[in-house]
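Okay, structure first, notes after.
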Amino acid sequence: MPVRAAIVHDWFQGFHGAERTVWEMLPLFARQPEVFTFHAARELLPAPLASAIVRESRLSRLPGVRQRGHNPGRWRWLLPYMPIYFERLDLTNYDVVVSSSHACAAGVRTPVETLHVCYCHTPMRYVWMPDADSERVRGPAALALRAAAGWLRRWDLRASRRPDVYVANSTAVAARIRRFYQRDAVVIPPPVAVDEFHARTDRERDHFVWVHRLVPYKRPLEVAEAFRELPDLRLTMVGIGPLAGELQRTLPPNVTLRGWIEREDLAELLATAGGFIHVGEEDFGISMVEALASGAPVVALRRGGALDIVRDRVDGVLIDPPATPAAIRRAVREVASASWHPDVLRRRAEEFSAARFRERMAALIATKIGAEPVS
């Protein structure tokens, strides 16, 4: 008899790394899993994923609260209510529940006989790492989170006992799970669509690429400043965000800032790049894998998920924090002057493919339930 499975995900605000992880979980089971969430911008999701969502919060769908397209709405203001919502979900009819969590989804209650696997993107940043998260959340939302942080931390610690198995998306996140929850975690990197990227032989070794949101922790100002004293090299920066105005005013002449681009255009940009720069600390860092899949070596910070992806002077160059313009400049010079083999970088990226993710997750679930869950 096919395994009855449910996937519980915090929210779907687009089709990004966490949402793509849920998408790749659907084929793990012979019988279509049912998906529960707090909020879903269904119009931004693949149709099969949108149709698999069987429940979301009524409050998140209220006019003026719900998200419409890329307009974010105000549903995130309901974060203090989310623990209550997830605790009240009825999951009694499932053999396996997989929670995909960076906030409250891991706090669902399941019957004793149900296997609960938590795929943890990170423990709740705003309550466990408020200093590190201060650059990500600002304004009224930051004030509300600080007011609720104590209660959320206590709830999250209690809820952390509920999963039977923790899976972390990186060794850095596994260390946080051990530090904050006193739980061990299996490390399974998230799925990366490496087949959407390709390397070309006509690479521009003097051309580097940076692709992120224009927010402080991604270090766009420092990266642009590093190229001021690299006049023989070029940098293309792709992204939108609150630092766009300041960055545009201070760009060196050899740096170009573009707004957000379509995924196909990103693949073309990376296909000929001489290097990729990613010096913000991330839980994992999917864009680094996408660059490697395109045959581009990576300049990365020696922190967080980069340590699982970039082998120093094999797949790129790691720099010690803090990511100062001088440190970035030295690493860029080293990448530009060295020889890199796109096929080696591509093979490294394939270790993080969607197929490898499904294989690892299926094996883990099969071991825990004593049966093969994959069709």
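Identifiers for the structure tokens are assigned positionally: chains receive A, B, ... in sequence, residues are indexed from 1 per chain, and ligands are indexed from 1 in the order shown.
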Just the strand (DSSP E or B) stuff from segment 83-285 of chain A, please, per backbone DSSP, written as an mmCIF file with N, CA and C atoms, in the first residue's frame.
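To be explicit, this is the file written out as result-v1.cif:
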```cif
data_model
loop_
_atom_site.group_PDB
_atom_site.id
_atom_site.type_symbol
_atom_site.label_atom_id
_atom_site.label_comp_id
_atom_site.auth_asym_id
_atom_site.auth_seq_id
_atom_site.Cartn_x
_atom_site.Cartn_y
_atom_site.Cartn_z
ATOM 1 N N VAL A 96 3.859 9.469 6.922
ATOM 2 C CA VAL A 96 5.080 10.280 6.956
ATOM 3 C C VAL A 96 4.693 11.746 6.820
ATOM 4 N N VAL A 97 5.264 12.584 7.676
ATOM 5 C CA VAL A 97 5.135 14.029 7.551
ATOM 6 C C VAL A 97 6.542 14.601 7.415
ATOM 7 N N VAL A 98 6.759 15.364 6.353
ATOM 8 C CA VAL A 98 8.033 16.060 6.166
ATOM 9 C C VAL A 98 7.763 17.546 6.353
ATOM 10 N N SER A 99 8.373 18.146 7.363
ATOM 11 C CA SER A 99 8.252 19.598 7.536
ATOM 12 C C SER A 99 9.475 20.257 6.911
ATOM 13 N N SER A 100 9.215 21.243 6.070
ATOM 14 C CA SER A 100 10.266 22.040 5.426
ATOM 15 C C SER A 100 10.253 23.377 6.137
ATOM 16 N N SER A 101 11.256 23.602 7.001
ATOM 17 C CA SER A 101 11.101 24.674 7.983
ATOM 18 C C SER A 101 12.316 25.575 8.117
ATOM 19 N N LEU A 115 5.939 9.045 11.154
ATOM 20 C CA LEU A 115 7.327 9.505 11.064
ATOM 21 C C LEU A 115 7.330 10.982 10.694
ATOM 22 N N HIS A 116 7.964 11.808 11.514
ATOM 23 C CA HIS A 116 8.093 13.242 11.236
ATOM 24 C C HIS A 116 9.560 13.555 10.955
ATOM 25 N N VAL A 117 9.844 13.881 9.704
ATOM 26 C CA VAL A 117 11.187 14.280 9.282
ATOM 27 C C VAL A 117 11.173 15.786 9.065
ATOM 28 N N CYS A 118 12.035 16.512 9.745
ATOM 29 C CA CYS A 118 12.144 17.953 9.544
ATOM 30 C C CYS A 118 13.338 18.248 8.648
ATOM 31 N N TYR A 119 13.062 18.828 7.465
ATOM 32 C CA TYR A 119 14.135 19.350 6.627
ATOM 33 C C TYR A 119 14.323 20.806 7.030
ATOM 34 N N CYS A 120 15.402 21.076 7.745
ATOM 35 C CA CYS A 120 15.614 22.382 8.368
ATOM 36 C C CYS A 120 16.537 23.239 7.506
ATOM 37 N N VAL A 165 13.312 13.020 13.179
ATOM 38 C CA VAL A 165 14.601 13.112 12.491
ATOM 39 C C VAL A 165 14.784 14.533 11.991
ATOM 40 N N TYR A 166 15.973 15.067 12.191
ATOM 41 C CA TYR A 166 16.324 16.362 11.607
ATOM 42 C C TYR A 166 17.256 16.153 10.418
ATOM 43 N N VAL A 167 16.959 16.848 9.333
ATOM 44 C CA VAL A 167 17.845 16.915 8.176
ATOM 45 C C VAL A 167 18.234 18.377 8.001
ATOM 46 N N ALA A 168 19.518 18.653 7.927
ATOM 47 C CA ALA A 168 20.011 20.021 7.737
ATOM 48 C C ALA A 168 20.486 20.199 6.307
ATOM 49 N N VAL A 186 21.141 14.918 10.107
ATOM 50 C CA VAL A 186 21.761 14.393 8.899
ATOM 51 C C VAL A 186 21.872 15.551 7.903
ATOM 52 N N VAL A 187 22.997 15.674 7.224
ATOM 53 C CA VAL A 187 23.170 16.751 6.247
ATOM 54 C C VAL A 187 22.829 16.246 4.850
ATOM 55 N N VAL A 192 19.591 21.553 -6.482
ATOM 56 C CA VAL A 192 19.943 22.661 -7.372
ATOM 57 C C VAL A 192 19.688 22.204 -8.804
ATOM 58 N N GLU A 204 35.055 34.776 -20.720
ATOM 59 C CA GLU A 204 35.688 36.086 -20.578
ATOM 60 C C GLU A 204 36.377 36.119 -19.216
ATOM 61 N N ARG A 205 37.642 35.813 -19.196
ATOM 62 C CA ARG A 205 38.348 35.635 -17.928
ATOM 63 C C ARG A 205 38.434 36.918 -17.120
ATOM 64 N N ASP A 206 38.282 38.060 -17.782
ATOM 65 C CA ASP A 206 38.354 39.338 -17.059
ATOM 66 C C ASP A 206 36.981 39.807 -16.568
ATOM 67 N N HIS A 207 35.949 38.998 -16.768
ATOM 68 C CA HIS A 207 34.579 39.412 -16.459
ATOM 69 C C HIS A 207 34.025 38.594 -15.286
ATOM 70 N N PHE A 208 33.728 39.256 -14.176
ATOM 71 C CA PHE A 208 33.175 38.598 -12.997
ATOM 72 C C PHE A 208 31.697 38.975 -12.836
ATOM 73 N N VAL A 209 30.973 38.113 -12.133
ATOM 74 C CA VAL A 209 29.530 38.301 -11.964
ATOM 75 C C VAL A 209 29.173 38.190 -10.493
ATOM 76 N N TRP A 210 28.263 39.042 -10.055
ATOM 77 C CA TRP A 210 27.695 39.023 -8.693
ATOM 78 C C TRP A 210 26.183 39.086 -8.854
ATOM 79 N N VAL A 211 25.451 38.117 -8.287
ATOM 80 C CA VAL A 211 23.994 38.047 -8.469
ATOM 81 C C VAL A 211 23.332 37.795 -7.121
ATOM 82 N N ARG A 234 36.372 43.462 -15.131
ATOM 83 C CA ARG A 234 35.016 44.002 -15.183
ATOM 84 C C ARG A 234 34.110 43.201 -14.248
ATOM 85 N N LEU A 235 33.085 43.872 -13.757
ATOM 86 C CA LEU A 235 32.111 43.217 -12.881
ATOM 87 C C LEU A 235 30.701 43.583 -13.320
ATOM 88 N N THR A 236 29.851 42.584 -13.452
ATOM 89 C CA THR A 236 28.421 42.804 -13.671
ATOM 90 C C THR A 236 27.689 42.395 -12.401
ATOM 91 N N MET A 237 26.923 43.328 -11.843
ATOM 92 C CA MET A 237 26.135 43.066 -10.647
ATOM 93 C C MET A 237 24.664 43.004 -11.043
ATOM 94 N N VAL A 238 23.994 41.959 -10.604
ATOM 95 C CA VAL A 238 22.591 41.747 -10.944
ATOM 96 C C VAL A 238 21.786 41.659 -9.658
ATOM 97 N N VAL A 255 32.281 48.691 -13.354
ATOM 98 C CA VAL A 255 31.211 47.891 -12.755
ATOM 99 C C VAL A 255 29.874 48.316 -13.343
ATOM 100 N N THR A 256 29.086 47.344 -13.768
ATOM 101 C CA THR A 256 27.756 47.582 -14.333
ATOM 102 C C THR A 256 26.709 46.975 -13.410
ATOM 103 N N LEU A 257 25.664 47.753 -13.114
ATOM 104 C CA LEU A 257 24.562 47.262 -12.283
ATOM 105 C C LEU A 257 23.339 47.055 -13.158
ATOM 106 N N ARG A 258 22.825 45.834 -13.139
ATOM 107 C CA ARG A 258 21.596 45.507 -13.857
ATOM 108 C C ARG A 258 20.513 45.158 -12.837
ATOM 109 N N ALA A 273 31.219 33.711 -17.806
ATOM 110 C CA ALA A 273 31.892 34.489 -16.758
ATOM 111 C C ALA A 273 33.230 33.877 -16.385
ATOM 112 N N GLY A 274 34.185 34.753 -16.078
ATOM 113 C CA GLY A 274 35.480 34.285 -15.607
ATOM 114 C C GLY A 274 35.472 33.921 -14.142
ATOM 115 N N GLY A 275 34.457 34.384 -13.396
ATOM 116 C CA GLY A 275 34.358 34.065 -11.975
ATOM 117 C C GLY A 275 33.064 34.596 -11.396
ATOM 118 N N PHE A 276 32.690 34.061 -10.257
ATOM 119 C CA PHE A 276 31.456 34.437 -9.569
ATOM 120 C C PHE A 276 31.813 34.838 -8.146
ATOM 121 N N ILE A 277 31.163 35.881 -7.633
ATOM 122 C CA ILE A 277 31.487 36.394 -6.296
ATOM 123 C C ILE A 277 30.288 36.235 -5.382
ATOM 124 N N HIS A 278 30.524 35.616 -4.226
ATOM 125 C CA HIS A 278 29.466 35.410 -3.231
ATOM 126 C C HIS A 278 30.120 35.489 -1.855
#
```
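When the distance limit is 9 Å and only C-alpha atoms are what count, the residues near Arg346 of chain A, minus those fewer than 2 positions from it on the same chain, are Val194, His198, Ala199, Val289, Ala291, Leu292, Ala293, Ser294, Gly295, Ala296, His341, Pro342, Asp343, Val344, Arg348, Ala349 and Glu350 of chain A.
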If we count only C-alpha atoms, what is near Ala338 of chain A at a cut-off of 12 Å, once residues fewer than 2 positions away on the same chain are taken out, given as a PDB file with C-alpha atoms, in the first residue's frame?
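Contents of the output file selection.pdb:
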```
ATOM      1  CA  ARG A 205      38.348  35.635 -17.928  1.00  0.00           C
ATOM      2  CA  ASP A 206      38.354  39.338 -17.059  1.00  0.00           C
ATOM      3  CA  GLY A 274      35.480  34.285 -15.607  1.00  0.00           C
ATOM      4  CA  GLY A 275      34.358  34.065 -11.975  1.00  0.00           C
ATOM      5  CA  PRO A 297      35.060  29.489 -10.157  1.00  0.00           C
ATOM      6  CA  ARG A 313      41.719  26.651  -4.747  1.00  0.00           C
ATOM      7  CA  VAL A 314      39.873  23.706  -6.326  1.00  0.00           C
ATOM      8  CA  ASP A 315      36.469  25.241  -7.023  1.00  0.00           C
ATOM      9  CA  GLY A 316      37.444  28.832  -6.300  1.00  0.00           C
ATOM     10  CA  VAL A 317      39.001  30.903  -3.533  1.00  0.00           C
ATOM     11  CA  ALA A 331      40.761  36.739  -4.145  1.00  0.00           C
ATOM     12  CA  VAL A 332      39.493  38.093  -7.460  1.00  0.00           C
ATOM     13  CA  ARG A 333      43.071  38.646  -8.614  1.00  0.00           C
ATOM     14  CA  GLU A 334      43.929  35.063  -7.692  1.00  0.00           C
ATOM     15  CA  VAL A 335      40.932  33.664  -9.566  1.00  0.00           C
ATOM     16  CA  ALA A 336      41.664  35.797 -12.637  1.00  0.00           C
ATOM     17  CA  TRP A 340      40.301  26.564 -13.975  1.00  0.00           C
ATOM     18  CA  HIS A 341      38.757  23.536 -15.614  1.00  0.00           C
TER      19      HIS A 341
END
```
Next on the checklist: Give me, as an NGL selection string, all polymer residues having an atom no more than 8 Å from Pro72 of chain A, counting only C-alpha atoms and skipping those fewer than 5 positions away in the same chain.
Outcome noted: :A and (13 or 66-67)
Next on the checklist: Residues within 10 Å of Leu44 of chain A, please, as a PyMOL selection string. Count only C-alpha atoms; anything in the same chain fewer than 6 positions from it doesn't count.
Outcome noted: chain A and resi 12-16+50+68-70
Residues from last step as file, N, CA and C atoms, as a CSV table (one decimal), in the first residue's frame:
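Now in result-v1.csv:
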```csv
chain,number,residue,atom,x,y,z
A,12,PHE,N,5.0,29.9,0.9
A,12,PHE,CA,5.4,30.0,-0.5
A,12,PHE,C,5.3,31.4,-1.0
A,13,GLN,N,6.4,32.2,-1.0
A,13,GLN,CA,6.3,33.5,-1.4
A,13,GLN,C,6.8,33.7,-2.9
A,14,GLY,N,7.3,32.6,-3.5
A,14,GLY,CA,7.8,32.6,-4.8
A,14,GLY,C,8.3,31.2,-5.1
A,15,PHE,N,9.1,31.1,-6.1
A,15,PHE,CA,9.7,29.8,-6.4
A,15,PHE,C,11.2,29.9,-6.3
A,16,HIS,N,11.6,29.9,-5.1
A,16,HIS,CA,13.1,30.1,-4.8
A,16,HIS,C,13.6,28.8,-4.2
A,50,ALA,N,1.2,24.0,-6.9
A,50,ALA,CA,0.1,24.8,-6.4
A,50,ALA,C,-1.1,23.9,-6.2
A,68,ARG,N,0.0,39.4,-3.6
A,68,ARG,CA,-0.5,39.4,-5.0
A,68,ARG,C,0.6,39.4,-5.9
A,69,GLY,N,0.9,38.3,-6.6
A,69,GLY,CA,2.1,38.3,-7.4
A,69,GLY,C,3.4,38.5,-6.6
A,70,HIS,N,4.2,39.4,-7.1
A,70,HIS,CA,5.5,39.8,-6.4
A,70,HIS,C,5.3,40.9,-5.3
```
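Separating atom CA of Ala300 of chain A from atom CA of Pro325 of chain A is a distance of 13.0 Å.
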